[in-house]
Amino acid sequence: MDLNYTPEDIAFRKQVRAWLEQNLPREPIRTLDERRAWHRKLYEAGYLGMGWPKEYGGAGARPMEQAIVADEMARAKAPAPTNGLGLGIVGPTIVVHGTDAQKRRYLRKILTAEELWCQLYSEPNAGSDLAALKTRAVDRGDHFAVNGQKIWTSGGPIADWGLLLARTDPAVPKHKGISCFLMNMRQPGVDVRPLKQITGSSEFSEVFMTDARVEKSDQIGKLGEGWAIAQTTLGYERGGRSLARVTSYAAQYQSLLAATRRLQRHGRPLLDDAVVRQKLGRIWAELEVERYSALRVLSQLERGEHPGAGGSVTKLSYSEFEKRFMELAQEILGPYGQLTDGAPPEYRLEIDTAVGDHGTWAYAYLWSRAGTIYAGSSEIQKNVIGERILGLPKETRADRAGAIR
Amino acid sequence: MNFAFTDDQILLRNSVRAALDEQCKPAHVRGTMGDARGFGDALWGEMAKLGWLGLPFPEEYGGAGLGLVELSLILEELGRAAYPGPYFSSVVLGGLGLMLGGSAAQKEKWLPAVASGQSRLSAALVEESLDWDPGATRTAASRSGSGWVLSGVKRFVPWAHVADAVLVPARAPEGVTLFLVDPRAAGVSLSPMVGIDLANRWSEMKLDGVPVSPDAVVGSVGGAGPLLLALLRRAAVGASAEMLGAARRCLDMSVEYAKVREQFGQPIGSFQAIRHRCAEMLLAVENSHAAVYYAAWALNAGAEDAPMAASVCKAYVSEAAREVCGDAIQVHGGIGFTWEYDLHLYFKRAKALEPLFGDAEFHRELIVRSVAA
């Protein structure tokens with residue numbers, strides 16, 4: 001056990017920090033073109049797709065180097081690159097399960113953000129029970145015709161391509177009849193409708209597919225393997241952003257602390273109030289524990305171990321923490337915390353949200369409700385922990401053998 | 001960066017667990033409860049033989065020269081076994097206290113004797129007020145000839161009744177000073193304070209004009225504050241390691257029980273109400289593991305954030321362990337509330353340690369002072 005960073009890691013961090021100081025956009029990013037340009041700059045510096053194999057345009061970097069880049073970006077409050085799902089989920093899926101032709105065709109353009117990707121998994125009636133999905137892909141000889149509806153698709157309006165799970169065999173048990181495809185989003189059969197969330201913004205969309213065309217050459221893996229493929233790729237990116245996440249929380253915590261020096265109750269700054277201090281102390285302790293746990297997961301990845309179901313522990317921990325943190329921020333900030341416009345500078349939050357000008361505590365608060373739902377709700381994570389880590393018996397289920405029609 | 005234990009550390013943990021599984025079964029723990037002394041010589045001798053009693057001491061003092069990570073590994077296993085005896089008080093409170101502040105002569109006299117199991121130490125870190133801040137010390141030290149006379153009352157002194165010397169902070173005119181006091185000396189009276197954890201022993205320690213010689217001062221006269229804070233941090237992390245062990249034992253027992261206990265025609269672990277509770281317990285245990293070993297490593301390495309890590313650890317684990325052990329009773333239902341079932345041994349161990357060496361509130365205040373500085 002040695003929790004010191006290696007001299008190489010320290011040197012690498014310095015190098016990333018210096019690069020960011022030189023290259024950070026001077027003005028806030030407003031347009032997609034500006035974000036693409038920033039993305040490309042990061043890629044050309046070797047800071048994107050770092051973990052991908054070199055032969056596909058990656059840098060073959062260690063998990064720690066990836067984590068350091070993400071961490072330094074969080075520290076510098078650098079804007080996020082675009083194509084997060086392309087980099088995090090689609091690319092690794094193609095690397096592991098794709099054909100050579102698919103790798104040559106798609107991977108580099110994901111890295112350069114020439115083609116942006118979305119993920120077409122959830123459906124209105126297949127959320128936690130994702131394997132109940134009903135979108136059909138029917139073999140039409142030279143292509144598949146896709147019909148159905150997807151929901152909670154990130155970046156739908158800007159996506160050129162989507163990673164699709166669709167049912168190809170309705171006669172077999174639900175988990176066995178799903179296949180995985182790459183689908184062109186720029187075609188008449190695909191209708192993307194932004195979904196307005198409680199934040200008022202639309203990070204997510206609904207996608208309607210009516211005889212949408214998927215080429216035979218864009219099938220990933222074998223027919224019926226879609227569920228297994230989705231399972232192996234869900235956890236690819238876990239760990240890489242874990243340190244960066246904590247660094248962002250810590251920056252937000254410092255702005256909250258600054259507010260507790262200005263805000264008062266009964267004539268005294270909130271920071272002098274014992275109850276407030278206790279709550280601040282609790283959240284900082286939890287934040288530090290998140291950091292220690294992030295280091296633990298990172299060091300596991302460094303040793304070449306895959307956390308597997310351990311990813312569920314990480315996700316459950318930080319998403320539930322974030323909710324508690326934002327509840328405390330609201331408690332301290334009072335109505336300032338609810339301002340979506342007109343917030344004095346002392347009560348704004350410096351975060352890049354990738355969807356425009358939402359750098360408010362209000363946005364961060366509302367957004368904290370998403371983390372315990374997306375990518376497997378806290379309840380699903382607890383099921384995974386219970387069954388796969390603790391070995392508790394599965395609950396009796398009525399649907400396991402049944403087909404989905 | 002490597003958060004994993006080394007092969008040697010894993011070997012140590014396995015051998016400690018094997019020895020305790022054999023010699024510190026629940027029946028052994030229960031057997032000590034009615035006994036005035038409260039612990040067994042056979043296991044104590046075994047601990048000496050296996051090198052646990054001198055584990056963190058330098059080799060020149062008969063120790064193994066290992067660090068706080070290894071010590072925490074042992075303490076976690078002791079918590080897992082609800083070990084009854086003066087290991088923590090002797091090795092952590094007394095031993096580390098002398099390592100931090102003792103003179104060469106004091107270390108020479110005591111550390112080899114502690115390592116061999118011949119002598120036992122403790123420390124009296126708290127008084128009536130329960131304020132763990134060394135500045136709150138009210139026990140008085142006044143000069144008498146070349147030596148000192150101590151008067152005051154210490155509370156919750158662990159295993160003082162079997163200690164050969166107790167580290168006693170007292171307020172001298174120059175400031176808080178640390179003394180080594182023989183608990184059998186004239187003027188010292190001990191009376192038992194019996195808590196819910198019967199495998200743990202506390203005493204009230206009254207000092208009524210107790211004469212101590214000048215060479216009984218540990219560290220500098222009036223300068224014990226930083227030394228006591230350093231010791232408090234180590235004790236807080238050590239206690240957290242023991243609470244972690246108790247919590248992991250409770251989690252393990254709950255999971256095993258949930259697999260076999262049937263209600264409504266199926267194992268209760270198949271119900272989400274139980275499964276989700278167990279998952280939350282696991283999360284609390286894993287986070288506690290990260291907190292304990294990060295802090296142990298940081299203290300050992302003298303890392304810049306070591307004081308923060310120690311407070312984070314105690315603030316987090318104090319509550320996490322109490323909740324996990326409490327949840328274990330809930331998962332077990334009625335059987336978990338019976339005396340004959342072993343769960344309460346670990347539940348009570350975690351509870352007994354929760355308020356010691358600064359409770360969660362105490363450490364959260366230290367955290368805020370540091371982060372808002």
# chains A, B, ... in the order shown; residues from 1 in each chain; ligands from 1
call {"tool": "select_by_dssp", "arguments": {"residues": "region 136-244 of chain A", "states": "helix (DSSP H, G or I)", "output": "list in words"}}
result
Gly156, Pro157, Ile158, Lys174, His175, Lys176, Lys216, Ser217, Asp218, Gly226, Trp227, Ala228, Ile229, Ala230, Gln231, Thr232, Thr233, Leu234, Ser242, Leu243 and Ala244 of chain A
call {"tool": "write_last_selection", "arguments": {"atoms": "C-alpha atoms", "output": "compact mmCIF listing (two decimals), in the first residue's frame"}}
result
# COMPACT_ATOMS: atom_id res chain seq x y z
CA GLY A 156 -29.84 13.24 -29.59
CA PRO A 157 -30.17 16.40 -31.74
CA ILE A 158 -26.44 16.67 -32.39
CA LYS A 174 -36.22 -11.56 -23.19
CA HIS A 175 -32.46 -11.32 -22.62
CA LYS A 176 -31.68 -13.57 -25.60
CA LYS A 216 -26.07 -5.30 -42.33
CA SER A 217 -22.44 -4.23 -41.96
CA ASP A 218 -23.40 -2.16 -38.90
CA GLY A 226 -26.90 -7.48 -27.68
CA TRP A 227 -27.66 -7.85 -23.99
CA ALA A 228 -24.30 -9.43 -23.23
CA ILE A 229 -22.48 -6.76 -25.24
CA ALA A 230 -24.32 -3.98 -23.41
CA GLN A 231 -23.39 -5.55 -20.07
CA THR A 232 -19.67 -5.66 -20.87
CA THR A 233 -19.52 -2.07 -22.05
CA LEU A 234 -21.63 -0.36 -19.41
CA SER A 242 -13.83 9.50 -10.35
CA LEU A 243 -11.07 11.86 -9.18
CA ALA A 244 -12.25 14.67 -11.42
call {"tool": "interface_residues", "arguments": {"of": "chain B", "to": "chain A", "cutoff": "9 Å", "atoms": "only C-alpha atoms", "output": "ChimeraX atom specification"}}
result
/B:1-6,9,69,252,255-256,258-259,266-272,275-280,282-284,286-291,293-294,297-298,308-309,311-313,315-316,360-361,363-369,371-372
call {"tool": "residues_around", "arguments": {"residues": "region 168-174 of chain B", "least_positions_apart": "5", "cutoff": "9 Å", "atoms": "only C-alpha atoms", "output": "PyMOL selection string"}}
result
chain B and resi 122-126+134-135+137-143+150-152+154+179-181+221-224+228
call {"tool": "residues_around", "arguments": {"residues": "Ala171 (chain A)", "least_positions_apart": "6", "cutoff": "10 Å", "atoms": "only C-alpha atoms", "output": "list of chain:residue names"}}
result
A:Gly177, A:Gly402, A:Ala403, A:Ile404, A:Arg405
call {"tool": "residues_around", "arguments": {"residues": "Tyr61 (chain B)", "least_positions_apart": "4", "cutoff": "12 Å", "atoms": "only C-alpha atoms", "output": "PDB file with C-alpha atoms, in the first residue's frame"}}
result
ATOM      1  CA  LEU B  53       2.256  -6.550  20.910  1.00  0.00           C
ATOM      2  CA  GLY B  54       5.366  -4.851  19.539  1.00  0.00           C
ATOM      3  CA  LEU B  55       4.226  -4.590  15.950  1.00  0.00           C
ATOM      4  CA  PRO B  56       4.633  -0.817  15.496  1.00  0.00           C
ATOM      5  CA  PHE B  57       7.680  -0.392  17.740  1.00  0.00           C
ATOM      6  CA  GLY B  65       9.166  -2.014  13.032  1.00  0.00           C
ATOM      7  CA  GLY B  95       2.984   2.303  23.097  1.00  0.00           C
ATOM      8  CA  LEU B  98       5.689   6.747  24.205  1.00  0.00           C
ATOM      9  CA  MET B  99       6.918   6.374  20.639  1.00  0.00           C
ATOM     10  CA  ALA B 104      15.083   7.152  25.086  1.00  0.00           C
ATOM     11  CA  ALA B 105      15.108   5.895  28.676  1.00  0.00           C
ATOM     12  CA  GLN B 106      11.304   5.673  28.839  1.00  0.00           C
ATOM     13  CA  LYS B 107      11.128   3.824  25.559  1.00  0.00           C
ATOM     14  CA  GLU B 108      13.948   1.557  26.669  1.00  0.00           C
ATOM     15  CA  LYS B 109      12.116   0.754  29.860  1.00  0.00           C
ATOM     16  CA  TRP B 110       8.619   0.233  28.512  1.00  0.00           C
ATOM     17  CA  LEU B 111       8.467  -0.666  24.825  1.00  0.00           C
ATOM     18  CA  PRO B 112      10.347  -3.988  25.035  1.00  0.00           C
ATOM     19  CA  ALA B 113       8.280  -4.923  28.091  1.00  0.00           C
ATOM     20  CA  VAL B 114       5.042  -4.118  26.240  1.00  0.00           C
ATOM     21  CA  ALA B 115       6.239  -6.046  23.183  1.00  0.00           C
ATOM     22  CA  SER B 116       7.023  -9.121  25.238  1.00  0.00           C
TER      23      SER B 116
END
call {"tool": "residues_around", "arguments": {"residues": "Met205 (chain B)", "least_positions_apart": "3", "cutoff": "8 Å", "atoms": "only C-alpha atoms", "output": "list of chain:residue names"}}
result
B:Val153, B:Lys154, B:Arg155, B:Val157, B:Ala160, B:Val188, B:Ser189, B:Leu190, B:Ser191
call {"tool": "atom_distance", "arguments": {"atom1": "CA of Leu130 (chain A)", "atom2": "CA of Ala375 (chain A)"}}
result
10.5 Å
call {"tool": "select_by_dssp", "arguments": {"residues": "region 183-364 of chain A", "states": "strand (DSSP E)", "output": "short mmCIF file (atom, residue, chain, number, x, y, z; two decimals) with N, CA and C atoms, in the first residue's frame"}}
result
data_model
loop_
_atom_site.label_atom_id
_atom_site.label_comp_id
_atom_site.auth_asym_id
_atom_site.auth_seq_id
_atom_site.Cartn_x
_atom_site.Cartn_y
_atom_site.Cartn_z
N MET A 183 -26.50 2.83 -35.79
CA MET A 183 -27.56 3.37 -36.66
C MET A 183 -27.27 4.82 -37.03
N ASN A 184 -27.38 5.10 -38.31
CA ASN A 184 -27.25 6.48 -38.79
C ASN A 184 -28.45 7.29 -38.32
N VAL A 190 -35.71 8.54 -38.77
CA VAL A 190 -35.33 8.83 -37.38
C VAL A 190 -35.77 10.24 -37.01
N ASP A 191 -36.60 10.33 -35.99
CA ASP A 191 -37.14 11.62 -35.57
C ASP A 191 -36.70 11.88 -34.12
N VAL A 192 -35.90 12.92 -33.93
CA VAL A 192 -35.37 13.22 -32.60
C VAL A 192 -36.15 14.39 -32.00
N ARG A 193 -36.75 14.18 -30.84
CA ARG A 193 -37.49 15.27 -30.18
C ARG A 193 -36.91 15.53 -28.80
N PRO A 194 -36.33 16.72 -28.61
CA PRO A 194 -35.73 17.04 -27.31
C PRO A 194 -36.75 16.88 -26.18
N LEU A 195 -36.28 16.38 -25.08
CA LEU A 195 -37.14 16.14 -23.93
C LEU A 195 -36.84 17.24 -22.92
N PHE A 204 -31.46 15.52 -22.80
CA PHE A 204 -31.94 14.23 -23.30
C PHE A 204 -33.01 14.43 -24.36
N SER A 205 -33.20 13.39 -25.18
CA SER A 205 -34.22 13.42 -26.23
C SER A 205 -35.02 12.13 -26.23
N GLU A 206 -36.14 12.22 -26.94
CA GLU A 206 -36.85 11.01 -27.35
C GLU A 206 -36.49 10.77 -28.82
N VAL A 207 -36.37 9.52 -29.20
CA VAL A 207 -36.05 9.19 -30.59
C VAL A 207 -37.10 8.21 -31.11
N PHE A 208 -37.74 8.61 -32.20
CA PHE A 208 -38.77 7.76 -32.82
C PHE A 208 -38.21 7.20 -34.11
N MET A 209 -38.31 5.88 -34.26
CA MET A 209 -37.77 5.24 -35.45
C MET A 209 -38.90 4.58 -36.23
N THR A 210 -39.04 4.99 -37.51
CA THR A 210 -40.08 4.44 -38.37
C THR A 210 -39.41 3.89 -39.62
N ASP A 211 -39.33 2.57 -39.70
CA ASP A 211 -38.61 1.92 -40.79
C ASP A 211 -37.23 2.55 -41.01
N ALA A 212 -36.58 2.86 -39.91
CA ALA A 212 -35.21 3.39 -40.02
C ALA A 212 -34.30 2.27 -40.52
N ARG A 213 -33.32 2.66 -41.30
CA ARG A 213 -32.49 1.66 -41.97
C ARG A 213 -31.16 1.46 -41.22
N VAL A 214 -30.83 0.21 -40.97
CA VAL A 214 -29.51 -0.13 -40.42
C VAL A 214 -28.86 -1.11 -41.37
N GLU A 215 -27.65 -0.77 -41.81
CA GLU A 215 -26.96 -1.64 -42.77
C GLU A 215 -26.56 -2.94 -42.09
N GLN A 219 -24.08 -4.23 -37.87
CA GLN A 219 -24.47 -5.08 -36.73
C GLN A 219 -23.22 -5.36 -35.90
N ILE A 220 -23.35 -5.20 -34.58
CA ILE A 220 -22.20 -5.46 -33.69
C ILE A 220 -22.39 -6.84 -33.05
N GLN A 264 -25.96 35.45 6.84
CA GLN A 264 -26.03 35.53 8.29
C GLN A 264 -27.35 34.99 8.82
N ARG A 265 -27.31 34.60 10.08
CA ARG A 265 -28.54 34.25 10.80
C ARG A 265 -28.40 34.81 12.21
N ARG A 268 -25.15 36.69 12.93
CA ARG A 268 -23.83 36.05 12.84
C ARG A 268 -23.68 35.33 11.51
N PRO A 269 -22.45 35.32 10.96
CA PRO A 269 -22.25 34.57 9.71
C PRO A 269 -22.64 33.10 9.91
#
call {"tool": "decode", "arguments": {"residues": "region 144-211 of chain A", "atoms": "C-alpha atoms", "output": "tab-separated table (two decimals), in the first residue's frame"}}
result
chain	number	residue	atom	x	y	z
A	144	PHE	CA	-32.54	-4.15	-40.95
A	145	ALA	CA	-35.66	-2.03	-40.60
A	146	VAL	CA	-36.02	-0.51	-37.16
A	147	ASN	CA	-39.30	0.53	-35.57
A	148	GLY	CA	-39.89	1.78	-32.06
A	149	GLN	CA	-39.21	4.54	-29.56
A	150	LYS	CA	-36.20	5.32	-27.43
A	151	ILE	CA	-35.99	7.79	-24.59
A	152	TRP	CA	-33.32	9.42	-22.37
A	153	THR	CA	-30.98	9.68	-25.34
A	154	SER	CA	-28.15	12.08	-24.50
A	155	GLY	CA	-27.13	14.49	-27.22
A	156	GLY	CA	-29.84	13.24	-29.59
A	157	PRO	CA	-30.17	16.40	-31.74
A	158	ILE	CA	-26.44	16.67	-32.39
A	159	ALA	CA	-25.76	12.96	-32.87
A	160	ASP	CA	-24.76	11.63	-36.27
A	161	TRP	CA	-24.83	8.00	-35.15
A	162	GLY	CA	-26.43	5.95	-32.41
A	163	LEU	CA	-25.53	2.74	-30.63
A	164	LEU	CA	-28.81	0.85	-30.71
A	165	LEU	CA	-30.23	-2.08	-28.78
A	166	ALA	CA	-33.19	-3.60	-30.59
A	167	ARG	CA	-35.15	-6.82	-30.45
A	168	THR	CA	-34.43	-9.17	-33.33
A	169	ASP	CA	-36.12	-12.27	-31.97
A	170	PRO	CA	-39.37	-11.86	-30.04
A	171	ALA	CA	-39.85	-15.60	-29.60
A	172	VAL	CA	-36.97	-16.32	-27.24
A	173	PRO	CA	-36.54	-15.32	-23.53
A	174	LYS	CA	-36.22	-11.56	-23.19
A	175	HIS	CA	-32.46	-11.32	-22.62
A	176	LYS	CA	-31.68	-13.57	-25.60
A	177	GLY	CA	-33.58	-11.74	-28.32
A	178	ILE	CA	-31.71	-8.43	-28.28
A	179	SER	CA	-29.06	-7.36	-30.79
A	180	CYS	CA	-26.70	-4.43	-31.03
A	181	PHE	CA	-26.38	-2.08	-34.00
A	182	LEU	CA	-24.83	1.16	-35.20
A	183	MET	CA	-27.56	3.37	-36.66
A	184	ASN	CA	-27.25	6.48	-38.79
A	185	MET	CA	-29.27	9.21	-37.08
A	186	ARG	CA	-29.32	11.40	-40.17
A	187	GLN	CA	-32.08	9.64	-42.09
A	188	PRO	CA	-35.78	10.24	-42.67
A	189	GLY	CA	-36.91	7.32	-40.49
A	190	VAL	CA	-35.33	8.83	-37.38
A	191	ASP	CA	-37.14	11.62	-35.57
A	192	VAL	CA	-35.37	13.22	-32.60
A	193	ARG	CA	-37.49	15.27	-30.18
A	194	PRO	CA	-35.73	17.04	-27.31
A	195	LEU	CA	-37.14	16.14	-23.93
A	196	LYS	CA	-37.60	19.09	-21.62
A	197	GLN	CA	-36.42	18.11	-18.14
A	198	ILE	CA	-37.11	19.58	-14.69
A	199	THR	CA	-34.00	21.71	-15.28
A	200	GLY	CA	-35.81	23.44	-18.15
A	201	SER	CA	-32.98	22.28	-20.39
A	202	SER	CA	-32.86	19.35	-22.78
A	203	GLU	CA	-29.78	17.21	-22.38
A	204	PHE	CA	-31.94	14.23	-23.30
A	205	SER	CA	-34.22	13.42	-26.23
A	206	GLU	CA	-36.85	11.01	-27.35
A	207	VAL	CA	-36.05	9.19	-30.59
A	208	PHE	CA	-38.77	7.76	-32.82
A	209	MET	CA	-37.77	5.24	-35.45
A	210	THR	CA	-40.08	4.44	-38.37
A	211	ASP	CA	-38.61	1.92	-40.79
